[in-house]
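Peer 1: This is the structure I want to talk about, given as structure tokens.
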Number of protein chains: 2
Amino acid sequence: MDALEAIHTRRSIREFEPGREVSDEQLQTVLAAAMAAPSAGNSQPWHFVVVRNATIRERLSTVHPYVPMAATAPVVIVVCAEPALEVYPGFWPQDCSAAIQNLLLAARSLGLGTVWTGLYPNQQHCDTVAAILNLPPGVIPMAIVPMGYPAQEFRRQERYKPERVHLESW
Amino acid sequence: MDALEAIHTRRSIREFEPGREVSDEQLQTVLAAAMAAPSAGNSQPWHFVVVRNATIRERLSTVHPYVPMAATAPVVIVVCAEPALEVYPGFWPQDCSAAIQNLLLAARSLGLGTVWTGLYPNQQHCDTVAAILNLPPGVIPMAIVPMGYPAQEFRRQERYKPERVHLESW
């Protein structure tokens with residue numbers, strides 16, 4: 001799929017085709033895309049916890065009000081940061097966000113739907129997910145990304161706002 | 001260009017073809033791609049300052065040691081955040097990073113090179129850029145992104161690390 005089409009037709013998918021699995025090969029493709037993201041000093045300060053287990057997905061689905069679809073998506077990817085891996089401190093939220101965006105776009109290009117549900121910087125949500133996934137100290141869960149075949153249509157999102165572009169200076 | 005190819009062959013381009021301009025249409029394409037990014041609550045808390053002026057680019061090129069190519073790139077995009085636009089506070093660095101990644105990928109798909117040079121959370125660098133671009137209070141410069149036709153080759157980056165993938169839990 002064309003890169004610009006993937007960018008413009010990616011949307012948050014919150015309903016998934018029941019019983020239709022995501023293959024290990026598809027998972028590998030989206031994770032490789034995520035890890036191809038740029039990062040400050042090329043530090044790659046990310047980890048990915050891949051959850052297919054229904055019991056764990058159900059626990060994740062109640063972490064906050066915007067992630068119930070973790071229970072019904074065939075697979076959930078929890079994107080985590082390990083700030084100790086940084087070369088230039090302070091940039092890991094940006095690095096991990098670039099990785100997540102790559103992941104969403106790669107999924108879209110495979111016909112898979114995703115929804116980026118944030119955790120960090122909500123400390124309570126981070127702590128809850130860290131406990132569910134047994135994350136070691138120093139690893140921060142950034143976002144829960146349910147993924148599966150969409151039961152909603154992809155469609156072009158119109159978000160361009162000309163007033164957000166400033167020429168030469170503000 | 002295929003989305004996965006754009007993702008895997010995007011790299012930081014730090015040298016640009018002298019004298020080869022980026023068209024307004026190309027700029028529009030990459031800015032539209034940036035604004036197609038997801039954001040928490042669809043708040044779209046971003047702004048883009050597009051700088052072609054050589055004097056301003058030269059001033060930007062000395063803000064920190066990693067952005068000298070702002071002086072030689074035909075155009076520089078400074079991605080800014082306006083946190084007051086947020087619906088769910090605290091997510092704007094992630095939102096703006098998703099927009100930047102879309103911008104880099106759209107540029108790659110057009111054959112244009114970019115390099116994401118971070119500003120935030122370095123307060124001194126942010127203040128310097130805010131002064132150069134006359135940013136209003138409450139607008140935070142996130143990153144300086146020089147863009148132009150590359151004088152370096154795009155090539156596939158191999159960054160996949162299997163040990164960063166954890167199955168079911170850590």
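Identifiers for the structure tokens are assigned positionally: chains receive A, B, ... in sequence, residues are indexed from 1 per chain, and ligands are indexed from 1 in the order shown.
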Once chain A is fitted onto chain B by least squares over all its in-order Cα atoms, send the moved chain as a PDB file with C-alpha atoms, in the first residue's frame.

Peer 2:
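Saved to out16.pdb:
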```pdb
ATOM      1  CA  MET A   1       6.057   4.407  -2.660  1.00  0.00           C
ATOM      2  CA  ASP A   2       5.101   1.406  -0.575  1.00  0.00           C
ATOM      3  CA  ALA A   3       4.467   2.230   3.082  1.00  0.00           C
ATOM      4  CA  LEU A   4       6.803  -0.451   4.422  1.00  0.00           C
ATOM      5  CA  GLU A   5       9.564   0.610   2.024  1.00  0.00           C
ATOM      6  CA  ALA A   6       9.198   4.213   3.185  1.00  0.00           C
ATOM      7  CA  ILE A   7       9.346   3.098   6.826  1.00  0.00           C
ATOM      8  CA  HIS A   8      12.439   0.936   6.341  1.00  0.00           C
ATOM      9  CA  THR A   9      14.448   3.176   4.004  1.00  0.00           C
ATOM     10  CA  ARG A  10      13.821   6.444   5.825  1.00  0.00           C
ATOM     11  CA  ARG A  11      17.019   7.553   7.481  1.00  0.00           C
ATOM     12  CA  SER A  12      18.385  10.833   8.784  1.00  0.00           C
ATOM     13  CA  ILE A  13      19.591  12.863   5.797  1.00  0.00           C
ATOM     14  CA  ARG A  14      22.112  15.511   6.796  1.00  0.00           C
ATOM     15  CA  GLU A  15      23.380  16.632   3.381  1.00  0.00           C
ATOM     16  CA  PHE A  16      21.197  18.103   0.697  1.00  0.00           C
ATOM     17  CA  GLU A  17      21.542  18.795  -3.028  1.00  0.00           C
ATOM     18  CA  PRO A  18      22.545  22.452  -3.260  1.00  0.00           C
ATOM     19  CA  GLY A  19      20.147  24.672  -5.147  1.00  0.00           C
ATOM     20  CA  ARG A  20      17.413  22.069  -5.612  1.00  0.00           C
ATOM     21  CA  GLU A  21      14.209  23.499  -4.177  1.00  0.00           C
ATOM     22  CA  VAL A  22      11.245  21.809  -2.507  1.00  0.00           C
ATOM     23  CA  SER A  23       7.975  22.867  -4.131  1.00  0.00           C
ATOM     24  CA  ASP A  24       5.014  24.335  -2.312  1.00  0.00           C
ATOM     25  CA  GLU A  25       3.032  21.286  -3.425  1.00  0.00           C
ATOM     26  CA  GLN A  26       5.560  18.938  -1.816  1.00  0.00           C
ATOM     27  CA  LEU A  27       5.462  21.006   1.354  1.00  0.00           C
ATOM     28  CA  GLN A  28       1.686  20.809   1.395  1.00  0.00           C
ATOM     29  CA  THR A  29       1.863  17.023   1.015  1.00  0.00           C
ATOM     30  CA  VAL A  30       4.188  16.528   3.973  1.00  0.00           C
ATOM     31  CA  LEU A  31       2.261  18.961   6.185  1.00  0.00           C
ATOM     32  CA  ALA A  32      -1.041  17.267   5.364  1.00  0.00           C
ATOM     33  CA  ALA A  33       0.543  13.924   6.265  1.00  0.00           C
ATOM     34  CA  ALA A  34       1.758  15.359   9.561  1.00  0.00           C
ATOM     35  CA  MET A  35      -1.717  16.629  10.415  1.00  0.00           C
ATOM     36  CA  ALA A  36      -3.208  13.210   9.643  1.00  0.00           C
ATOM     37  CA  ALA A  37      -1.526  11.807  12.748  1.00  0.00           C
ATOM     38  CA  PRO A  38      -3.540  10.508  15.683  1.00  0.00           C
ATOM     39  CA  SER A  39      -3.672  12.590  18.856  1.00  0.00           C
ATOM     40  CA  ALA A  40      -5.174  12.072  22.289  1.00  0.00           C
ATOM     41  CA  GLY A  41      -8.838  13.048  22.062  1.00  0.00           C
ATOM     42  CA  ASN A  42      -8.122  14.083  18.448  1.00  0.00           C
ATOM     43  CA  SER A  43      -6.858  17.384  19.857  1.00  0.00           C
ATOM     44  CA  GLN A  44      -4.284  17.972  17.067  1.00  0.00           C
ATOM     45  CA  PRO A  45      -2.148  20.197  19.319  1.00  0.00           C
ATOM     46  CA  TRP A  46       0.413  21.093  16.616  1.00  0.00           C
ATOM     47  CA  HIS A  47       1.713  23.964  14.525  1.00  0.00           C
ATOM     48  CA  PHE A  48       4.305  24.044  11.757  1.00  0.00           C
ATOM     49  CA  VAL A  49       6.610  26.965  11.021  1.00  0.00           C
ATOM     50  CA  VAL A  50       7.994  26.646   7.495  1.00  0.00           C
ATOM     51  CA  VAL A  51      11.255  28.513   6.974  1.00  0.00           C
ATOM     52  CA  ARG A  52      12.828  29.099   3.564  1.00  0.00           C
ATOM     53  CA  ASN A  53      14.476  32.414   4.482  1.00  0.00           C
ATOM     54  CA  ALA A  54      18.254  31.891   4.558  1.00  0.00           C
ATOM     55  CA  THR A  55      18.914  34.298   7.409  1.00  0.00           C
ATOM     56  CA  ILE A  56      16.396  32.589   9.670  1.00  0.00           C
ATOM     57  CA  ARG A  57      17.680  29.142   8.669  1.00  0.00           C
ATOM     58  CA  GLU A  58      21.195  30.207   9.567  1.00  0.00           C
ATOM     59  CA  ARG A  59      20.048  31.359  12.976  1.00  0.00           C
ATOM     60  CA  LEU A  60      18.253  28.041  13.520  1.00  0.00           C
ATOM     61  CA  SER A  61      21.372  26.130  12.428  1.00  0.00           C
ATOM     62  CA  THR A  62      23.306  27.292  15.496  1.00  0.00           C
ATOM     63  CA  VAL A  63      20.700  26.463  18.132  1.00  0.00           C
ATOM     64  CA  HIS A  64      22.445  23.204  19.013  1.00  0.00           C
ATOM     65  CA  PRO A  65      25.305  21.118  17.611  1.00  0.00           C
ATOM     66  CA  TYR A  66      23.107  18.679  15.700  1.00  0.00           C
ATOM     67  CA  VAL A  67      21.332  21.033  13.341  1.00  0.00           C
ATOM     68  CA  PRO A  68      23.988  22.778  11.161  1.00  0.00           C
ATOM     69  CA  MET A  69      22.207  21.439   8.063  1.00  0.00           C
ATOM     70  CA  ALA A  70      19.345  23.889   8.702  1.00  0.00           C
ATOM     71  CA  ALA A  71      21.604  26.403   6.943  1.00  0.00           C
ATOM     72  CA  THR A  72      21.981  24.312   3.784  1.00  0.00           C
ATOM     73  CA  ALA A  73      18.595  22.593   3.494  1.00  0.00           C
ATOM     74  CA  PRO A  74      16.252  24.503   1.162  1.00  0.00           C
ATOM     75  CA  VAL A  75      13.472  24.407   3.731  1.00  0.00           C
ATOM     76  CA  VAL A  76      13.236  23.847   7.460  1.00  0.00           C
ATOM     77  CA  ILE A  77      10.061  22.882   9.287  1.00  0.00           C
ATOM     78  CA  VAL A  78       9.876  23.690  12.983  1.00  0.00           C
ATOM     79  CA  VAL A  79       7.210  21.528  14.589  1.00  0.00           C
ATOM     80  CA  CYS A  80       5.589  23.225  17.574  1.00  0.00           C
ATOM     81  CA  ALA A  81       3.052  22.243  20.205  1.00  0.00           C
ATOM     82  CA  GLU A  82       0.264  24.268  21.749  1.00  0.00           C
ATOM     83  CA  PRO A  83      -0.556  22.327  24.928  1.00  0.00           C
ATOM     84  CA  ALA A  84      -3.629  24.501  25.606  1.00  0.00           C
ATOM     85  CA  LEU A  85      -5.321  22.710  22.694  1.00  0.00           C
ATOM     86  CA  GLU A  86      -5.181  19.387  24.545  1.00  0.00           C
ATOM     87  CA  VAL A  87      -8.268  17.442  25.563  1.00  0.00           C
ATOM     88  CA  TYR A  88      -6.374  15.025  27.823  1.00  0.00           C
ATOM     89  CA  PRO A  89      -3.421  16.880  29.348  1.00  0.00           C
ATOM     90  CA  GLY A  90       0.078  15.513  29.073  1.00  0.00           C
ATOM     91  CA  PHE A  91      -0.021  13.717  25.737  1.00  0.00           C
ATOM     92  CA  TRP A  92       1.112  16.522  23.413  1.00  0.00           C
ATOM     93  CA  PRO A  93       4.730  15.318  23.067  1.00  0.00           C
ATOM     94  CA  GLN A  94       3.396  11.967  21.860  1.00  0.00           C
ATOM     95  CA  ASP A  95       0.870  13.607  19.522  1.00  0.00           C
ATOM     96  CA  CYS A  96       3.459  15.898  17.965  1.00  0.00           C
ATOM     97  CA  SER A  97       5.926  13.034  17.613  1.00  0.00           C
ATOM     98  CA  ALA A  98       3.372  11.004  15.670  1.00  0.00           C
ATOM     99  CA  ALA A  99       2.895  14.028  13.402  1.00  0.00           C
ATOM    100  CA  ILE A 100       6.649  14.380  12.894  1.00  0.00           C
ATOM    101  CA  GLN A 101       6.999  10.696  12.008  1.00  0.00           C
ATOM    102  CA  ASN A 102       4.214  11.027   9.437  1.00  0.00           C
ATOM    103  CA  LEU A 103       6.008  14.068   8.022  1.00  0.00           C
ATOM    104  CA  LEU A 104       9.313  12.181   7.705  1.00  0.00           C
ATOM    105  CA  LEU A 105       7.640   9.239   5.990  1.00  0.00           C
ATOM    106  CA  ALA A 106       5.673  11.404   3.578  1.00  0.00           C
ATOM    107  CA  ALA A 107       8.883  13.238   2.682  1.00  0.00           C
ATOM    108  CA  ARG A 108      10.660   9.920   2.117  1.00  0.00           C
ATOM    109  CA  SER A 109       7.848   8.775  -0.155  1.00  0.00           C
ATOM    110  CA  LEU A 110       8.407  11.930  -2.259  1.00  0.00           C
ATOM    111  CA  GLY A 111      12.157  11.307  -2.431  1.00  0.00           C
ATOM    112  CA  LEU A 112      12.888  14.082   0.044  1.00  0.00           C
ATOM    113  CA  GLY A 113      15.332  13.697   2.915  1.00  0.00           C
ATOM    114  CA  THR A 114      14.766  14.934   6.449  1.00  0.00           C
ATOM    115  CA  VAL A 115      16.438  14.848   9.829  1.00  0.00           C
ATOM    116  CA  TRP A 116      14.506  15.087  13.105  1.00  0.00           C
ATOM    117  CA  THR A 117      16.561  17.228  15.471  1.00  0.00           C
ATOM    118  CA  GLY A 118      14.960  17.504  18.880  1.00  0.00           C
ATOM    119  CA  LEU A 119      14.468  20.659  20.942  1.00  0.00           C
ATOM    120  CA  TYR A 120      11.996  19.895  23.720  1.00  0.00           C
ATOM    121  CA  PRO A 121      12.576  19.081  26.588  1.00  0.00           C
ATOM    122  CA  ASN A 122      15.775  21.191  26.462  1.00  0.00           C
ATOM    123  CA  GLN A 123      14.439  24.471  27.823  1.00  0.00           C
ATOM    124  CA  GLN A 124      17.351  26.553  26.584  1.00  0.00           C
ATOM    125  CA  HIS A 125      17.023  25.271  23.024  1.00  0.00           C
ATOM    126  CA  CYS A 126      13.257  25.833  23.122  1.00  0.00           C
ATOM    127  CA  ASP A 127      13.685  29.395  24.363  1.00  0.00           C
ATOM    128  CA  THR A 128      16.237  30.195  21.667  1.00  0.00           C
ATOM    129  CA  VAL A 129      14.007  28.913  18.870  1.00  0.00           C
ATOM    130  CA  ALA A 130      10.934  30.626  20.331  1.00  0.00           C
ATOM    131  CA  ALA A 131      12.830  33.925  20.180  1.00  0.00           C
ATOM    132  CA  ILE A 132      14.064  33.364  16.602  1.00  0.00           C
ATOM    133  CA  LEU A 133      10.566  32.526  15.337  1.00  0.00           C
ATOM    134  CA  ASN A 134       8.653  34.970  17.517  1.00  0.00           C
ATOM    135  CA  LEU A 135       6.530  32.185  18.995  1.00  0.00           C
ATOM    136  CA  PRO A 136       3.751  33.361  21.305  1.00  0.00           C
ATOM    137  CA  PRO A 137       3.717  32.313  24.966  1.00  0.00           C
ATOM    138  CA  GLY A 138       2.303  28.812  25.317  1.00  0.00           C
ATOM    139  CA  VAL A 139       3.694  27.527  22.022  1.00  0.00           C
ATOM    140  CA  ILE A 140       6.591  25.098  22.447  1.00  0.00           C
ATOM    141  CA  PRO A 141       9.022  24.248  19.653  1.00  0.00           C
ATOM    142  CA  MET A 142       9.412  20.458  19.618  1.00  0.00           C
ATOM    143  CA  ALA A 143      11.845  19.806  16.796  1.00  0.00           C
ATOM    144  CA  ILE A 144      13.665  21.363  13.859  1.00  0.00           C
ATOM    145  CA  VAL A 145      13.289  19.285  10.687  1.00  0.00           C
ATOM    146  CA  PRO A 146      15.515  20.356   7.749  1.00  0.00           C
ATOM    147  CA  MET A 147      14.236  18.952   4.447  1.00  0.00           C
ATOM    148  CA  GLY A 148      15.507  18.766   0.876  1.00  0.00           C
ATOM    149  CA  TYR A 149      16.666  16.465  -1.880  1.00  0.00           C
ATOM    150  CA  PRO A 150      19.241  14.152  -0.350  1.00  0.00           C
ATOM    151  CA  ALA A 151      22.919  14.228  -1.235  1.00  0.00           C
ATOM    152  CA  GLN A 152      23.179  10.917   0.627  1.00  0.00           C
ATOM    153  CA  GLU A 153      21.606   7.615  -0.360  1.00  0.00           C
ATOM    154  CA  PHE A 154      18.452   6.325   1.228  1.00  0.00           C
ATOM    155  CA  ARG A 155      19.040   2.784   2.359  1.00  0.00           C
ATOM    156  CA  ARG A 156      17.400   0.146   4.437  1.00  0.00           C
ATOM    157  CA  GLN A 157      18.226   0.448   8.134  1.00  0.00           C
ATOM    158  CA  GLU A 158      18.511  -2.812  10.066  1.00  0.00           C
ATOM    159  CA  ARG A 159      17.334  -2.144  13.589  1.00  0.00           C
ATOM    160  CA  TYR A 160      15.226  -5.177  14.461  1.00  0.00           C
ATOM    161  CA  LYS A 161      16.129  -6.539  17.888  1.00  0.00           C
ATOM    162  CA  PRO A 162      14.297  -9.764  18.758  1.00  0.00           C
ATOM    163  CA  GLU A 163      15.168  -9.343  22.451  1.00  0.00           C
ATOM    164  CA  ARG A 164      12.921  -6.279  22.576  1.00  0.00           C
ATOM    165  CA  VAL A 165       9.836  -8.435  21.966  1.00  0.00           C
ATOM    166  CA  HIS A 166       8.258 -10.068  25.019  1.00  0.00           C
ATOM    167  CA  LEU A 167       5.471 -12.630  24.676  1.00  0.00           C
ATOM    168  CA  GLU A 168       2.382 -12.448  26.937  1.00  0.00           C
ATOM    169  CA  SER A 169       4.286 -10.635  29.716  1.00  0.00           C
ATOM    170  CA  TRP A 170       7.831  -9.580  30.533  1.00  0.00           C
TER     171      TRP A 170
END
```

Peer 1: So which residues of range 10-133 of chain A fall under strand (DSSP E) by DSSP, listed as a PyMOL selection string?

Peer 2: chain A and resi 46-51+75-81+113-114+117-118

Peer 1: Write out as a ChimeraX atom specification all residues of chain B that DSSP puts in helix (DSSP H, G or I) for this structure's backbone.

Peer 2: /B:3-9,24-35,40-42,54-60,68-70,83-85,92-109,123-133,162-164

Peer 1: I need the residues from that last selection saved to file as a CSV table (one decimal), in the first residue's frame (with C-alpha atoms), if you can.

Peer 2:
```csv
chain,number,residue,atom,x,y,z
B,3,ALA,CA,4.5,2.2,3.1
B,4,LEU,CA,6.8,-0.5,4.4
B,5,GLU,CA,9.6,0.6,2.0
B,6,ALA,CA,9.2,4.2,3.2
B,7,ILE,CA,9.3,3.1,6.8
B,8,HIS,CA,12.4,0.9,6.3
B,9,THR,CA,14.4,3.2,4.0
B,24,ASP,CA,5.0,24.3,-2.3
B,25,GLU,CA,3.0,21.3,-3.4
B,26,GLN,CA,5.6,18.9,-1.8
B,27,LEU,CA,5.5,21.0,1.4
B,28,GLN,CA,1.7,20.8,1.4
B,29,THR,CA,1.9,17.0,1.0
B,30,VAL,CA,4.2,16.5,4.0
B,31,LEU,CA,2.3,19.0,6.2
B,32,ALA,CA,-1.0,17.3,5.4
B,33,ALA,CA,0.6,13.9,6.3
B,34,ALA,CA,1.8,15.4,9.6
B,35,MET,CA,-1.7,16.6,10.4
B,40,ALA,CA,-5.2,12.1,22.3
B,41,GLY,CA,-8.8,13.1,22.1
B,42,ASN,CA,-8.1,14.1,18.4
B,54,ALA,CA,18.2,31.9,4.5
B,55,THR,CA,18.9,34.3,7.4
B,56,ILE,CA,16.4,32.6,9.7
B,57,ARG,CA,17.7,29.1,8.7
B,58,GLU,CA,21.2,30.2,9.6
B,59,ARG,CA,20.0,31.4,13.0
B,60,LEU,CA,18.3,28.0,13.5
B,68,PRO,CA,24.0,22.8,11.2
B,69,MET,CA,22.2,21.4,8.1
B,70,ALA,CA,19.4,23.9,8.7
B,83,PRO,CA,-0.6,22.3,24.9
B,84,ALA,CA,-3.6,24.5,25.6
B,85,LEU,CA,-5.3,22.7,22.7
B,92,TRP,CA,1.1,16.5,23.4
B,93,PRO,CA,4.7,15.3,23.1
B,94,GLN,CA,3.4,12.0,21.9
B,95,ASP,CA,0.9,13.6,19.5
B,96,CYS,CA,3.5,15.9,18.0
B,97,SER,CA,5.9,13.0,17.6
B,98,ALA,CA,3.4,11.0,15.7
B,99,ALA,CA,2.9,14.0,13.4
B,100,ILE,CA,6.7,14.4,12.9
B,101,GLN,CA,7.0,10.7,12.0
B,102,ASN,CA,4.2,11.0,9.4
B,103,LEU,CA,6.0,14.1,8.0
B,104,LEU,CA,9.3,12.2,7.7
B,105,LEU,CA,7.7,9.2,6.0
B,106,ALA,CA,5.7,11.4,3.6
B,107,ALA,CA,8.9,13.2,2.7
B,108,ARG,CA,10.7,9.9,2.1
B,109,SER,CA,7.8,8.8,-0.2
B,123,GLN,CA,14.4,24.5,27.8
B,124,GLN,CA,17.4,26.6,26.6
B,125,HIS,CA,17.0,25.3,23.0
B,126,CYS,CA,13.3,25.8,23.1
B,127,ASP,CA,13.7,29.4,24.4
B,128,THR,CA,16.2,30.2,21.7
B,129,VAL,CA,14.0,28.9,18.9
B,130,ALA,CA,10.9,30.6,20.3
B,131,ALA,CA,12.8,33.9,20.2
B,132,ILE,CA,14.1,33.4,16.6
B,133,LEU,CA,10.6,32.5,15.3
B,162,PRO,CA,14.3,-9.8,18.8
B,163,GLU,CA,15.2,-9.4,22.4
B,164,ARG,CA,12.9,-6.3,22.6
```
